[in-house]
$ cat target.cif   # mmCIF, C-alpha atoms and all ligand atoms
data_entry
#
loop_
_atom_site.label_atom_id
_atom_site.label_comp_id
_atom_site.auth_asym_id
_atom_site.auth_seq_id
_atom_site.Cartn_x
_atom_site.Cartn_y
_atom_site.Cartn_z
CA MET A 116 93.95 23.00 -110.38
CA ALA A 117 95.72 19.65 -110.38
CA PRO A 118 95.55 17.84 -107.05
CA PHE A 119 98.58 18.55 -104.88
CA LEU A 120 99.21 14.98 -103.85
CA SER A 121 98.64 11.83 -105.90
CA GLU A 122 96.08 11.13 -108.52
CA ASP A 123 92.82 9.89 -106.97
CA THR A 124 90.98 12.58 -105.06
CA ASP A 125 87.40 11.44 -104.78
CA SER A 126 85.09 14.17 -103.49
CA THR A 127 81.87 12.11 -103.67
CA PRO A 128 80.05 12.23 -100.31
CA ARG A 129 79.82 8.75 -98.89
CA MET A 130 78.91 6.65 -95.91
CA PRO A 131 81.83 5.48 -93.85
CA GLY A 132 83.46 2.47 -95.45
CA LYS A 133 83.27 -0.99 -93.94
CA GLY A 134 85.02 -1.04 -90.59
CA SER A 135 84.64 2.70 -89.84
CA LYS A 136 82.03 4.78 -88.05
CA TYR A 137 81.32 8.44 -87.32
CA VAL A 138 81.80 9.47 -83.69
CA ASP A 139 81.33 13.13 -82.69
CA GLY A 140 82.06 14.23 -86.23
CA ALA A 141 85.18 12.10 -86.61
CA LEU A 142 85.57 9.11 -88.90
CA ILE A 143 86.83 6.37 -86.59
CA PRO A 144 88.21 3.25 -88.23
CA ASP A 145 88.19 -0.11 -86.46
CA VAL A 146 91.69 -1.45 -86.05
CA GLU A 147 93.00 -4.59 -84.57
CA GLN A 148 95.66 -4.21 -81.97
CA HIS A 149 97.11 -6.99 -79.90
CA GLY A 150 98.64 -5.91 -76.59
CA ASP A 151 101.66 -3.65 -77.08
CA ASN A 152 102.22 -4.79 -80.65
CA PRO A 153 102.20 -2.24 -83.44
CA VAL A 154 98.96 -1.85 -85.38
CA ALA A 155 98.71 -3.85 -88.62
CA ILE A 156 96.37 -2.56 -91.32
CA ARG A 157 95.37 -4.90 -94.10
CA LEU A 158 94.54 -3.53 -97.54
CA THR A 159 91.47 -5.06 -99.11
CA ASP A 160 92.03 -7.05 -102.31
CA GLU A 161 90.05 -4.28 -104.03
CA GLU A 162 92.63 -1.71 -102.90
CA LEU A 163 95.54 -3.96 -103.83
CA HIS A 164 94.29 -4.63 -107.34
CA SER A 165 92.87 -1.18 -108.15
CA GLY A 166 95.92 0.63 -106.77
CA ARG A 167 93.57 3.08 -105.03
CA THR A 168 94.12 3.36 -101.30
CA ARG A 169 90.95 4.22 -99.40
CA PRO A 170 91.18 7.51 -97.47
CA GLU A 171 90.25 5.62 -94.29
CA THR A 172 93.26 3.37 -94.75
CA ILE A 173 95.55 6.37 -95.15
CA GLN A 174 94.04 8.00 -92.05
CA GLN A 175 94.67 4.86 -89.98
CA CYS A 176 98.24 4.52 -91.17
CA LEU A 177 99.00 8.17 -90.40
CA LYS A 178 97.39 8.01 -86.98
CA TYR A 179 99.44 5.05 -85.82
CA LEU A 180 102.64 6.09 -87.52
CA HIS A 181 102.43 9.41 -85.65
CA ARG A 182 101.44 7.71 -82.39
CA ASP A 183 103.72 4.67 -82.34
CA GLY A 184 106.47 5.62 -84.79
CA LEU A 185 105.67 2.37 -86.63
CA VAL A 186 102.73 0.92 -88.50
CA VAL A 187 102.36 -2.25 -90.55
CA LEU A 188 100.61 -2.38 -93.92
CA GLU A 189 99.65 -5.86 -95.13
CA ASN A 190 98.58 -7.09 -98.57
CA ALA A 191 100.26 -4.28 -100.55
CA ILE A 192 102.55 -6.47 -102.69
CA ASP A 193 101.91 -9.47 -104.88
CA GLU A 194 103.24 -12.59 -103.11
CA ALA A 195 104.89 -14.09 -106.19
CA LEU A 196 107.12 -11.00 -106.50
CA VAL A 197 108.08 -11.25 -102.83
CA ASP A 198 109.03 -14.94 -103.16
CA LYS A 199 111.11 -14.29 -106.29
CA LEU A 200 113.11 -11.51 -104.63
CA TYR A 201 113.62 -13.58 -101.45
CA LYS A 202 115.16 -16.40 -103.47
CA LYS A 203 117.47 -14.05 -105.36
CA ILE A 204 118.73 -12.29 -102.19
CA VAL A 205 119.46 -15.66 -100.53
CA GLU A 206 121.52 -16.70 -103.59
CA ASP A 207 123.35 -13.35 -103.54
CA ASN A 208 124.03 -13.68 -99.82
CA GLU A 209 126.45 -16.55 -100.37
CA ILE A 210 128.55 -14.34 -102.66
CA TYR A 211 128.21 -11.27 -100.46
CA LEU A 212 129.43 -13.03 -97.30
CA SER A 213 132.83 -13.58 -98.97
CA LYS A 214 133.52 -9.86 -99.54
CA ASN A 215 136.47 -8.41 -97.64
CA PHE A 216 134.71 -5.13 -96.85
CA LEU A 217 131.82 -7.01 -95.25
CA GLN A 218 130.82 -6.20 -91.70
CA TYR A 219 128.12 -7.60 -89.52
CA ASN A 220 125.83 -4.95 -88.05
CA GLN A 221 126.89 -4.76 -84.40
CA GLY A 222 129.35 -7.64 -84.37
CA ILE A 223 129.59 -11.13 -85.87
CA ALA A 224 127.33 -12.79 -83.27
CA THR A 225 124.32 -10.96 -84.76
CA LYS A 226 125.01 -12.43 -88.23
CA ASN A 227 123.08 -9.42 -89.53
CA VAL A 228 124.38 -7.91 -92.77
CA SER A 229 123.35 -4.97 -94.90
CA GLN A 230 123.17 -6.27 -98.46
CA VAL A 231 122.03 -4.19 -101.44
CA PRO A 232 119.24 -5.98 -103.35
CA PRO A 233 119.58 -6.49 -107.13
CA LEU A 234 118.77 -3.21 -108.88
CA THR A 235 118.82 -4.05 -112.58
CA PRO A 236 115.65 -3.06 -114.50
CA GLU A 237 114.42 -6.65 -114.16
CA TRP A 238 114.49 -6.42 -110.36
CA LEU A 239 113.72 -2.76 -109.78
CA SER A 240 110.02 -3.17 -109.31
CA ARG A 241 107.86 -0.24 -108.36
CA ASP A 242 105.77 -2.62 -106.19
CA PHE A 243 108.63 -2.55 -103.68
CA TYR A 244 110.44 0.77 -104.11
CA ALA A 245 107.56 3.16 -104.85
CA ASN A 246 104.55 1.01 -104.03
CA VAL A 247 101.46 3.13 -104.72
CA HIS A 248 99.86 2.45 -101.31
CA MET A 249 103.15 3.02 -99.52
CA MET A 250 103.63 6.35 -101.32
CA ARG A 251 100.16 7.59 -100.35
CA VAL A 252 101.17 7.20 -96.70
CA ILE A 253 104.66 8.63 -97.19
CA GLU A 254 103.61 11.73 -99.10
CA ASN A 255 100.98 12.50 -96.47
CA MET A 256 103.52 11.98 -93.68
CA LEU A 257 106.53 13.78 -95.16
CA GLY A 258 104.91 16.25 -97.56
CA PRO A 259 105.05 16.48 -101.35
CA ARG A 260 107.83 14.99 -103.47
CA PRO A 261 109.32 12.57 -100.92
CA GLU A 262 112.92 11.77 -101.80
CA LEU A 263 114.18 8.21 -102.27
CA ARG A 264 117.76 8.16 -100.95
CA PHE A 265 118.60 4.70 -99.62
CA ILE A 266 117.93 1.13 -100.75
CA ASN A 267 119.35 -1.81 -98.85
CA SER A 268 118.26 -4.96 -97.07
CA ASN A 269 119.00 -6.51 -93.69
CA VAL A 270 119.74 -10.19 -93.97
CA ALA A 271 119.68 -12.05 -90.66
CA VAL A 272 121.68 -15.15 -91.53
CA PRO A 273 120.43 -18.37 -89.88
CA GLY A 274 122.03 -19.58 -86.69
CA ALA A 275 122.84 -16.26 -85.00
CA THR A 276 123.49 -16.23 -81.28
CA GLY A 277 123.69 -12.52 -80.58
CA ARG A 278 121.21 -9.66 -80.59
CA GLN A 279 121.71 -5.98 -81.37
CA ALA A 280 121.69 -3.13 -78.88
CA VAL A 281 118.48 -1.14 -78.61
CA HIS A 282 119.16 1.79 -80.93
CA SER A 283 117.81 4.50 -83.14
CA ASP A 284 119.20 4.55 -86.69
CA VAL A 285 119.83 8.29 -86.40
CA ASN A 286 122.27 9.68 -83.85
CA HIS A 287 122.83 13.23 -85.01
CA ARG A 288 120.87 16.23 -83.77
CA PHE A 289 117.73 15.29 -85.67
CA PRO A 290 114.50 17.32 -85.93
CA GLU A 291 111.74 16.63 -83.40
CA ILE A 292 109.23 16.00 -86.18
CA PRO A 293 109.05 13.22 -88.78
CA PHE A 294 111.71 13.87 -91.43
CA GLY A 295 112.56 10.41 -92.73
CA ILE A 296 110.83 7.04 -92.85
CA VAL A 297 112.32 3.64 -93.52
CA MET A 298 110.07 1.05 -95.09
CA ASN A 299 111.09 -2.42 -93.99
CA ILE A 300 109.46 -4.96 -96.28
CA TYR A 301 109.62 -8.47 -94.80
CA LEU A 302 110.14 -11.07 -97.52
CA GLN A 303 108.93 -14.00 -95.39
CA ASP A 304 106.56 -14.59 -92.50
CA SER A 305 108.48 -13.42 -89.45
CA ASP A 306 108.35 -13.74 -85.69
CA ALA A 307 110.78 -14.21 -82.82
CA SER A 308 111.92 -17.61 -84.16
CA ASN A 309 113.50 -16.12 -87.29
CA GLY A 310 114.62 -12.84 -85.75
CA VAL A 311 111.85 -10.36 -86.39
CA THR A 312 113.03 -6.91 -85.27
CA GLU A 313 112.43 -5.86 -81.66
CA ILE A 314 110.24 -2.75 -81.70
CA TRP A 315 109.76 -0.04 -79.07
CA CYS A 316 106.47 1.65 -79.97
CA GLY A 317 106.25 5.33 -79.10
CA THR A 318 109.98 5.95 -78.65
CA HIS A 319 110.34 8.15 -81.73
CA ASP A 320 109.57 11.16 -79.57
CA CYS A 321 109.71 10.03 -75.93
CA TYR A 322 113.08 11.59 -74.95
CA PRO A 323 115.22 14.39 -76.36
CA GLN A 324 117.95 12.94 -78.60
CA GLU A 325 120.89 14.02 -76.44
CA GLU A 326 119.28 12.57 -73.29
CA GLN A 327 118.59 9.11 -74.70
CA GLN A 328 121.86 8.32 -76.49
CA ALA A 329 124.52 6.33 -74.63
CA THR A 330 127.34 8.02 -76.61
CA LYS A 331 127.69 10.62 -79.34
CA GLU A 332 129.11 8.03 -81.78
CA SER A 333 126.06 5.80 -82.13
CA GLY A 334 122.32 5.67 -81.68
CA TRP A 335 122.57 3.09 -78.86
CA ILE A 336 120.20 3.93 -76.03
CA LYS A 337 121.21 4.41 -72.38
CA LYS A 338 120.37 1.47 -70.09
CA GLU A 339 118.59 3.81 -67.69
CA ALA A 340 116.30 5.09 -70.47
CA ILE A 341 115.64 1.51 -71.67
CA GLN A 342 114.59 0.31 -68.22
CA LYS A 343 112.43 3.39 -67.63
CA ARG A 344 110.66 3.23 -70.98
CA ALA A 345 109.89 -0.51 -70.65
CA LYS A 346 107.69 0.36 -67.65
CA VAL A 347 105.56 2.56 -69.92
CA LYS A 348 105.55 0.26 -72.96
CA PRO A 349 107.73 -2.84 -73.16
CA PRO A 350 109.44 -3.90 -76.40
CA VAL A 351 107.75 -6.43 -78.70
CA GLN A 352 108.72 -8.83 -81.45
CA PRO A 353 105.57 -8.75 -83.60
CA LYS A 354 104.35 -11.54 -85.86
CA LEU A 355 104.53 -10.18 -89.40
CA LYS A 356 103.06 -11.63 -92.58
CA LYS A 357 105.17 -12.11 -95.69
CA GLY A 358 105.14 -8.95 -97.81
CA SER A 359 104.24 -6.64 -94.92
CA ILE A 360 105.48 -3.08 -95.23
CA CYS A 361 106.60 -1.72 -91.85
CA PHE A 362 106.79 2.06 -91.91
CA ARG A 363 109.30 3.10 -89.23
CA ASP A 364 110.07 6.67 -88.19
CA LEU A 365 113.88 6.84 -88.32
CA ARG A 366 113.95 8.03 -84.70
CA LEU A 367 112.28 4.88 -83.32
CA TRP A 368 114.17 2.53 -80.98
CA HIS A 369 114.53 -1.01 -82.30
CA ALA A 370 117.03 -3.89 -82.43
CA GLY A 371 117.93 -6.76 -84.74
CA MET A 372 117.38 -10.12 -83.03
CA PRO A 373 118.99 -13.56 -83.44
CA ASN A 374 117.65 -15.73 -86.22
CA THR A 375 117.58 -19.20 -84.68
CA SER A 376 115.71 -20.76 -87.62
CA ASP A 377 117.35 -22.46 -90.59
CA HIS A 378 116.18 -19.88 -93.16
CA HIS A 379 117.45 -16.41 -93.99
CA ARG A 380 115.29 -13.61 -92.62
CA ILE A 381 115.30 -10.73 -95.09
CA MET A 382 113.79 -7.28 -94.86
CA LEU A 383 114.24 -4.57 -97.46
CA ALA A 384 115.14 -1.14 -96.11
CA ILE A 385 113.93 1.71 -98.31
CA ASP A 386 114.36 5.25 -97.01
CA TYR A 387 112.39 8.31 -98.04
CA PHE A 388 113.13 11.79 -96.74
CA ALA A 389 111.09 15.00 -96.65
CA GLU A 390 112.08 17.46 -99.36
CA TRP A 391 112.58 20.27 -96.80
CA TYR A 392 115.10 18.14 -94.85
CA GLN A 393 117.68 18.29 -97.69
CA CYS A 394 119.33 14.98 -96.87
CA PRO A 395 122.64 14.74 -98.77
CA MET A 396 122.66 10.92 -99.14
CA THR A 397 122.33 9.47 -102.65
CA VAL A 398 121.29 6.08 -103.99
CA GLU A 399 122.50 4.56 -107.27
CA LEU A 400 119.92 3.41 -109.79
CA PRO A 401 120.34 2.25 -113.41
CA ARG A 402 120.07 4.93 -116.08
CA ALA A 403 117.95 2.54 -118.15
CA MET A 404 115.13 3.11 -115.63
CA LYS A 405 115.44 6.91 -115.43
CA LYS A 406 112.64 7.73 -117.85
CA GLU A 407 110.18 5.24 -116.37
CA ILE A 408 110.91 6.24 -112.78
CA GLU A 409 110.77 9.97 -113.47
CA GLU A 410 107.59 9.74 -115.53
CA GLU A 411 105.67 7.06 -113.67
CA TRP A 412 106.81 6.60 -110.08
CA ASN A 413 105.62 9.97 -108.83
CA ILE A 414 108.59 10.47 -106.46
CA SER A 415 111.46 12.93 -106.27
CA THR A 416 114.68 11.59 -107.79
CA LYS A 417 116.80 14.44 -106.41
CA GLY A 418 118.65 11.85 -104.31
CA VAL A 419 119.25 9.40 -107.18
CA LYS A 420 122.60 9.04 -108.89
CA TRP A 421 121.99 7.49 -112.32
CA VAL A 422 124.66 4.97 -113.28
CA ASP A 423 125.17 2.50 -116.15
CA LYS A 424 124.94 -0.49 -113.82
CA VAL A 425 124.47 -0.86 -110.08
CA ASP A 426 127.14 -3.31 -108.96
CA HIS A 427 124.98 -4.28 -105.99
CA LEU A 428 127.21 -6.93 -104.40
CA ASN A 429 130.31 -4.75 -104.52
CA GLN A 430 128.90 -1.79 -102.70
CA PRO A 431 130.43 -1.22 -99.29
CA PHE A 432 127.89 0.11 -96.81
CA TYR A 433 127.41 3.88 -97.09
CA LEU A 434 125.10 6.08 -95.03
CA ASN A 435 124.36 9.70 -94.31
CA MET A 436 120.99 10.40 -92.75
CA THR A 437 122.14 13.75 -91.34
CA GLN A 438 121.69 17.09 -93.07
CA ASP A 439 125.45 17.66 -93.34
CA PRO A 440 127.19 16.26 -96.47
CA SER A 441 130.47 15.80 -94.55
CA MET A 442 128.96 13.40 -91.98
CA TYR A 443 128.81 10.30 -94.18
CA ILE A 444 129.86 6.80 -93.04
CA ARG A 445 131.48 4.31 -95.41
CA GLN A 446 132.79 0.78 -94.91
CA THR A 447 136.29 0.23 -96.20
CA GLU A 448 138.74 -2.66 -96.06
CA LYS A 449 140.60 -0.70 -93.34
CA GLY A 450 137.51 -0.22 -91.18
CA VAL A 451 134.67 2.26 -90.87
CA GLU A 452 135.30 5.69 -92.31
CA ASP A 453 133.32 8.22 -90.29
CA TRP A 454 133.92 11.88 -89.36
CA ARG A 455 136.24 10.82 -86.55
CA ALA A 456 138.32 8.52 -88.79
CA ARG A 457 138.62 11.31 -91.35
CA LEU A 458 139.84 13.66 -88.62
CA THR A 459 142.33 11.30 -86.95
CA GLY A 460 143.25 8.97 -89.83
CA LYS A 461 142.38 6.04 -87.51
CA PHE A 462 139.91 3.57 -89.01
CA GLU A 463 138.28 0.99 -86.79
CA PHE A 464 136.08 -2.00 -87.51
CA ASP A 465 132.71 -2.22 -85.83
CA ARG A 466 133.78 -4.33 -82.89
CA ALA A 467 130.56 -3.60 -81.08
CA LYS A 468 130.05 -5.71 -78.00
CA VAL A 469 126.45 -5.89 -76.99
CA THR A 470 125.96 -6.61 -73.29
CA ASP A 471 122.93 -6.60 -71.01
CA GLN A 472 123.62 -2.89 -70.55
CA ASN A 473 122.31 -2.40 -74.08
CA TYR A 474 118.91 -4.05 -73.86
CA TRP A 475 116.00 -4.41 -71.51
CA THR A 476 116.32 -6.83 -68.60
CA ALA A 477 113.42 -7.69 -66.30
CA GLU A 478 113.77 -6.03 -62.88
O1 LIG A 501 117.59 -6.65 -89.16
C1 LIG A 501 116.92 -6.13 -88.28
O2 LIG A 501 115.91 -6.66 -87.80
C2 LIG A 501 117.31 -4.78 -87.75
C3 LIG A 501 118.70 -4.35 -88.13
C4 LIG A 501 119.02 -2.96 -87.67
O3 LIG A 501 118.24 -2.32 -87.04
C5 LIG A 501 120.30 -2.33 -88.01
O4 LIG A 501 121.23 -3.02 -88.46
O5 LIG A 501 120.41 -1.10 -87.82
FE FE A 502 118.70 -0.24 -86.95
#
$ encode --input "target.cif" --output "structure tokens" --more "lines below"
Ligand SMILES: O=C(O)CCC(=O)C(=O)O
Ligand SMILES: [Fe+2]
Amino acid sequence: MAPFLSEDTDSTPRMPGKGSKYVDGALIPDVEQHGDNPVAIRLTDEELHSGRTRPETIQQCLKYLHRDGLVVLENAIDEALVDKLYKKIVEDNEIYLSKNFLQYNQGIATKNVSQVPPLTPEWLSRDFYANVHMMRVIENMLGPRPELRFINSNVAVPGATGRQAVHSDVNHRFPEIPFGIVMNIYLQDSDASNGVTEIWCGTHDCYPQEEQQATKESGWIKKEAIQKRAKVKPPVQPKLKKGSICFRDLRLWHAGMPNTSDHHRIMLAIDYFAEWYQCPMTVELPRAMKKEIEEEWNISTKGVKWVDKVDHLNQPFYLNMTQDPSMYIRQTEKGVEDWRARLTGKFEFDRAKVTDQNYWTAE
């Protein structure tokens, strides 16, 4: 019978690989962890170049992704590709900032925009969007045939003064098990100085959804919950290497932070959903890539809408991570179209005002 998951099932008995040992019948990998920071796992060059992820690497990624709601995988993408895409997105950003549907995520002070990366065949590289090592983790986390349904990037424009509220990207009644993962791929070395994301490890399942949310309209977290959780595990702004893939459970608390450097900070945001979840969101990809993606990428394209050309800089933000097709959100020139706007006919712009009630303050 063909293997259920991806290609390389190696049944040869073996000694534990370098950096792992057997303890009481378990294979325990050594990992480096610094304080409350998320765990970063570095692929060996052998893994990178052969495209074969060691089972121990997959086990580590799954362990920490389940435990912390976030894990970092380093050395999974060729650096030259990362640099080329960074340059292109910076060039595009100048054009994108002039669009009249543009909105900053959580107010202008954050200078954080969602900008679709170029998706012509030239730019639609599997190394980013269906990276073989990334997919081994995703298919083991979400089950067979994970569905690609969202491709975007977060550009933190230099010189921001404001931060985002601590939030979860999902604010509907979501399942209490992993159902969707966003892969944030950082296109430059990142730390607090250029606005690396604030991360709250372990918050993907620390409170019931309705207890943690400040309001029904957004995933912003209640101040009381923020202060309480920080006593268990405080937030961190990790140091991330260029090309790192951060797997983030969509339920995890996090926040975009000010980029006080003089360079754009860019992270791709690629969302995969479990097949059983039946997410109704779709992502546009060029028809010219249909054959290659369907035959070679080893992913489900149920959530892909094939189009002649993806007009990536003229795509107003669109999102629906719920299970209900009628719950989508779309940016328009009149404001945000959400379920409430559709009901009342009143469109409003995201005039979010982040105050110290929306993030952790030392007591
Ligand atoms: O850009 C970032 O670091 C995070 C942005 C974010 O979380 C959002 O806009 O929802
Ligand atoms: Fe977010």
$ atom_distance --input "target.cif" --atom1 "atom CA of Trp421 of chain A" --atom2 "atom CA of Val398 of chain A"
8.5 Å
$ atom_distance --input "target.cif" --atom1 "atom CA of Gln472 of chain A" --atom2 "atom CA of Asp364 of chain A"
24.2 Å
$ residues_around --input "target.cif" --residues "Asn435 of chain A" --least-positions-apart "6" --cutoff "12 Å" --atoms "all atoms listed in the file" --output "ChimeraX atom specification"
/A:264-265,284-287,295,386,388,393-398,418,441-445,452-454
$ residues_around --input "target.cif" --residues "Trp238 of chain A" --least-positions-apart "5" --cutoff "9 Å" --atoms "only C-alpha atoms" --output "PyMOL selection string"
chain A and resi 200+232-233
$ write_last_selection --input "target.cif" --atoms "C-alpha atoms" --output "short mmCIF file (atom, residue, chain, number, x, y, z; two decimals), in the coordinates of the input"
data_model
loop_
_atom_site.label_atom_id
_atom_site.label_comp_id
_atom_site.auth_asym_id
_atom_site.auth_seq_id
_atom_site.Cartn_x
_atom_site.Cartn_y
_atom_site.Cartn_z
CA LEU A 200 113.11 -11.51 -104.63
CA PRO A 232 119.24 -5.98 -103.35
CA PRO A 233 119.58 -6.49 -107.13
#
$ residues_near_ligand --input "target.cif" --ligand "ligand LIG 501 (chain A)" --cutoff "8 Å" --atoms "all atoms listed in the file" --output "tab-separated table (two decimals) with C-alpha atoms, in the frame of the given file"
chain	number	residue	atom	x	y	z
A	220	ASN	CA	125.83	-4.95	-88.05
A	221	GLN	CA	126.89	-4.76	-84.40
A	227	ASN	CA	123.08	-9.42	-89.53
A	228	VAL	CA	124.38	-7.91	-92.77
A	229	SER	CA	123.35	-4.97	-94.90
A	269	ASN	CA	119.00	-6.51	-93.69
A	270	VAL	CA	119.74	-10.19	-93.97
A	271	ALA	CA	119.68	-12.05	-90.66
A	279	GLN	CA	121.71	-5.98	-81.37
A	282	HIS	CA	119.16	1.79	-80.93
A	283	SER	CA	117.81	4.50	-83.14
A	284	ASP	CA	119.20	4.55	-86.69
A	310	GLY	CA	114.62	-12.84	-85.75
A	311	VAL	CA	111.85	-10.36	-86.39
A	312	THR	CA	113.03	-6.91	-85.27
A	313	GLU	CA	112.43	-5.86	-81.66
A	369	HIS	CA	114.53	-1.01	-82.30
A	370	ALA	CA	117.03	-3.89	-82.43
A	371	GLY	CA	117.93	-6.76	-84.74
A	372	MET	CA	117.38	-10.12	-83.03
A	381	ILE	CA	115.30	-10.73	-95.09
A	382	MET	CA	113.79	-7.28	-94.86
